[in-house]
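**Student:** Dumping the structure here so I can ask a few things about it.
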Amino acid sequence: MQQAQLTSRIEPRYPVIAKQTKTEGTVVLHAIISRDGRITALEVVSGHPLLVQAALDAVRQWRYRPTYLAGEPVEVETSITVIFRLSQ
């Protein structure tokens with residue numbers, strides 16, 4: 001089975017309050033990618049509360065190439081990590 005490949009990635013908007021408080025961190029999400037490459041389920045595994053919603057909003061828009069098993073498209077589960085870093 002081939003790995004899910006990202007074809008369209010929207011960068012998350014850094015939340016204003018997170019910038020003001022100089023909050024950085026990583027948000028880890030669990031996703032289910034449908035046979036057509038769209039994310040159909042998304043849940044938070046971990047991450048700073050100020051960053052989670054921005055990560056969810058962006059990742060919901062991501063698109064993947066369909067994953068095939070024995071020539072047929074299949075639904076896949078994956079982990080997605082979104083890193084928030086302030087510019088130095």
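In the structure tokens, chains take the letters A, B, ... in the order shown, each chain's residues start at 1, and ligands count up from 1 in the order shown.
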Enumerate as a ChimeraX atom specification all residues of range 15-56 of chain A assigned to alpha helix (DSSP H) by DSSP on the backbone, naming them with the chain letters and numbers the document uses.
**Tutor:** /A:16-20,49-56
**Student:** According to DSSP computed on the backbone, where in chain A is there strand (DSSP E)? Give the residues as a PyMOL selection string.
**Tutor:** chain A and resi 5-8+25-33+39-46+63-65+67-69+72-74+76-84
**Student:** Selected residues, N, CA, C and O atoms, written as a compact mmCIF listing (two decimals), in the first residue's frame, please.
**Tutor:**
```
# COMPACT_ATOMS: atom_id res chain seq x y z
N GLN A 5 -0.22 10.93 0.11
CA GLN A 5 0.62 12.05 -0.28
C GLN A 5 -0.20 13.33 -0.31
O GLN A 5 -1.27 13.37 -0.93
N LEU A 6 0.31 14.35 0.34
CA LEU A 6 -0.36 15.64 0.41
C LEU A 6 -0.28 16.34 -0.94
O LEU A 6 0.79 16.43 -1.54
N THR A 7 -1.42 16.83 -1.44
CA THR A 7 -1.43 17.54 -2.71
C THR A 7 -1.79 19.01 -2.54
O THR A 7 -1.48 19.82 -3.39
N SER A 8 -2.44 19.35 -1.44
CA SER A 8 -2.83 20.74 -1.20
C SER A 8 -2.76 21.02 0.29
O SER A 8 -3.43 20.36 1.08
N GLY A 25 4.58 25.91 19.70
CA GLY A 25 4.35 24.52 20.04
C GLY A 25 3.93 23.68 18.86
O GLY A 25 3.88 24.14 17.72
N THR A 26 3.61 22.46 19.16
CA THR A 26 3.24 21.47 18.17
C THR A 26 1.83 20.96 18.48
O THR A 26 1.52 20.68 19.63
N VAL A 27 1.02 20.85 17.44
CA VAL A 27 -0.31 20.26 17.56
C VAL A 27 -0.29 18.94 16.79
O VAL A 27 0.10 18.91 15.62
N VAL A 28 -0.68 17.86 17.46
CA VAL A 28 -0.73 16.55 16.82
C VAL A 28 -2.20 16.18 16.65
O VAL A 28 -2.99 16.25 17.60
N LEU A 29 -2.55 15.81 15.42
CA LEU A 29 -3.92 15.46 15.08
C LEU A 29 -3.99 14.03 14.55
O LEU A 29 -3.03 13.55 13.95
N HIS A 30 -5.12 13.39 14.76
CA HIS A 30 -5.39 12.08 14.19
C HIS A 30 -6.42 12.31 13.09
O HIS A 30 -7.46 12.94 13.33
N ALA A 31 -6.15 11.83 11.88
CA ALA A 31 -7.03 12.09 10.74
C ALA A 31 -7.42 10.79 10.04
O ALA A 31 -6.64 9.84 10.00
N ILE A 32 -8.61 10.81 9.48
CA ILE A 32 -9.04 9.77 8.56
C ILE A 32 -9.18 10.42 7.19
O ILE A 32 -9.88 11.44 7.05
N ILE A 33 -8.47 9.86 6.22
CA ILE A 33 -8.48 10.38 4.86
C ILE A 33 -9.34 9.45 4.01
O ILE A 33 -9.10 8.24 3.97
N ILE A 39 -10.08 14.85 4.05
CA ILE A 39 -10.10 14.49 5.46
C ILE A 39 -11.55 14.42 5.91
O ILE A 39 -12.29 15.41 5.80
N THR A 40 -11.96 13.26 6.41
CA THR A 40 -13.36 13.08 6.82
C THR A 40 -13.52 13.10 8.34
O THR A 40 -14.63 13.30 8.82
N ALA A 41 -12.45 12.87 9.07
CA ALA A 41 -12.50 12.93 10.54
C ALA A 41 -11.17 13.47 11.03
O ALA A 41 -10.12 13.14 10.48
N LEU A 42 -11.25 14.31 12.06
CA LEU A 42 -10.05 14.94 12.58
C LEU A 42 -10.24 15.14 14.07
O LEU A 42 -11.25 15.71 14.50
N GLU A 43 -9.27 14.67 14.85
CA GLU A 43 -9.35 14.88 16.30
C GLU A 43 -7.98 15.26 16.84
O GLU A 43 -6.95 14.90 16.28
N VAL A 44 -8.01 15.99 17.93
CA VAL A 44 -6.79 16.47 18.55
C VAL A 44 -6.21 15.38 19.44
O VAL A 44 -6.91 14.81 20.28
N VAL A 45 -4.93 15.10 19.26
CA VAL A 45 -4.20 14.17 20.11
C VAL A 45 -3.51 14.96 21.21
O VAL A 45 -3.58 14.62 22.38
N SER A 46 -2.86 16.06 20.82
CA SER A 46 -2.17 16.92 21.79
C SER A 46 -1.90 18.28 21.16
O SER A 46 -1.93 18.43 19.94
N ARG A 63 -5.72 18.40 1.19
CA ARG A 63 -6.16 17.33 0.29
C ARG A 63 -4.97 16.40 0.03
O ARG A 63 -3.83 16.83 -0.06
N TYR A 64 -5.29 15.13 -0.12
CA TYR A 64 -4.29 14.09 -0.36
C TYR A 64 -4.59 13.36 -1.64
O TYR A 64 -5.73 13.31 -2.09
N ARG A 65 -3.55 12.76 -2.22
CA ARG A 65 -3.75 11.82 -3.31
C ARG A 65 -4.41 10.58 -2.72
O ARG A 65 -4.00 10.15 -1.63
N THR A 67 -5.11 6.89 -1.64
CA THR A 67 -4.23 5.77 -1.34
C THR A 67 -4.86 4.51 -1.92
O THR A 67 -6.06 4.28 -1.76
N TYR A 68 -4.06 3.72 -2.60
CA TYR A 68 -4.57 2.51 -3.26
C TYR A 68 -4.01 1.25 -2.62
O TYR A 68 -2.85 1.20 -2.23
N LEU A 69 -4.87 0.25 -2.52
CA LEU A 69 -4.48 -1.06 -2.06
C LEU A 69 -5.06 -2.05 -3.06
O LEU A 69 -6.27 -2.05 -3.30
N GLU A 72 -7.31 -0.51 -5.68
CA GLU A 72 -8.55 0.15 -5.26
C GLU A 72 -8.25 1.24 -4.24
O GLU A 72 -7.43 1.05 -3.35
N PRO A 73 -8.93 2.39 -4.36
CA PRO A 73 -8.72 3.44 -3.36
C PRO A 73 -9.27 3.00 -2.00
O PRO A 73 -10.31 2.33 -1.93
N VAL A 74 -8.54 3.33 -0.93
CA VAL A 74 -8.94 2.94 0.43
C VAL A 74 -8.87 4.14 1.37
O VAL A 74 -8.13 5.09 1.13
N VAL A 76 -7.69 5.79 4.82
CA VAL A 76 -6.51 5.58 5.67
C VAL A 76 -6.58 6.47 6.91
O VAL A 76 -7.20 7.52 6.90
N GLU A 77 -5.92 6.01 7.96
CA GLU A 77 -5.75 6.78 9.18
C GLU A 77 -4.31 7.25 9.23
O GLU A 77 -3.40 6.51 8.84
N THR A 78 -4.11 8.47 9.75
CA THR A 78 -2.75 8.99 9.84
C THR A 78 -2.67 10.01 10.97
O THR A 78 -3.68 10.51 11.45
N SER A 79 -1.46 10.30 11.38
CA SER A 79 -1.20 11.38 12.33
C SER A 79 -0.64 12.55 11.55
O SER A 79 0.16 12.37 10.63
N ILE A 80 -1.06 13.74 11.94
CA ILE A 80 -0.59 14.97 11.30
C ILE A 80 -0.02 15.86 12.40
O ILE A 80 -0.67 16.08 13.43
N THR A 81 1.17 16.37 12.18
CA THR A 81 1.82 17.26 13.13
C THR A 81 1.93 18.65 12.52
O THR A 81 2.45 18.81 11.42
N VAL A 82 1.41 19.64 13.24
CA VAL A 82 1.48 21.04 12.80
C VAL A 82 2.36 21.78 13.81
O VAL A 82 2.08 21.76 15.01
N ILE A 83 3.41 22.41 13.32
CA ILE A 83 4.37 23.10 14.18
C ILE A 83 4.15 24.61 14.08
O ILE A 83 4.13 25.17 12.97
N PHE A 84 4.01 25.24 15.22
CA PHE A 84 3.87 26.69 15.29
C PHE A 84 5.15 27.27 15.89
O PHE A 84 5.50 26.96 17.02
```
**Student:** Rank nothing, just name the residue among A:Ala54, A:Gln61, A:Arg38, A:Gly47 nearest to Ala4 in chain A, using only C-alpha atoms.
**Tutor:**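 Residue with the minimum atom-to-atom distance to Ala4 in chain A: A:Arg38.
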**Student:** Would you mind reading off the distance between CA of Glu11 in chain A and CA of Glu75 in chain A, one decimal, in Å?
**Tutor:** 23.8 Å
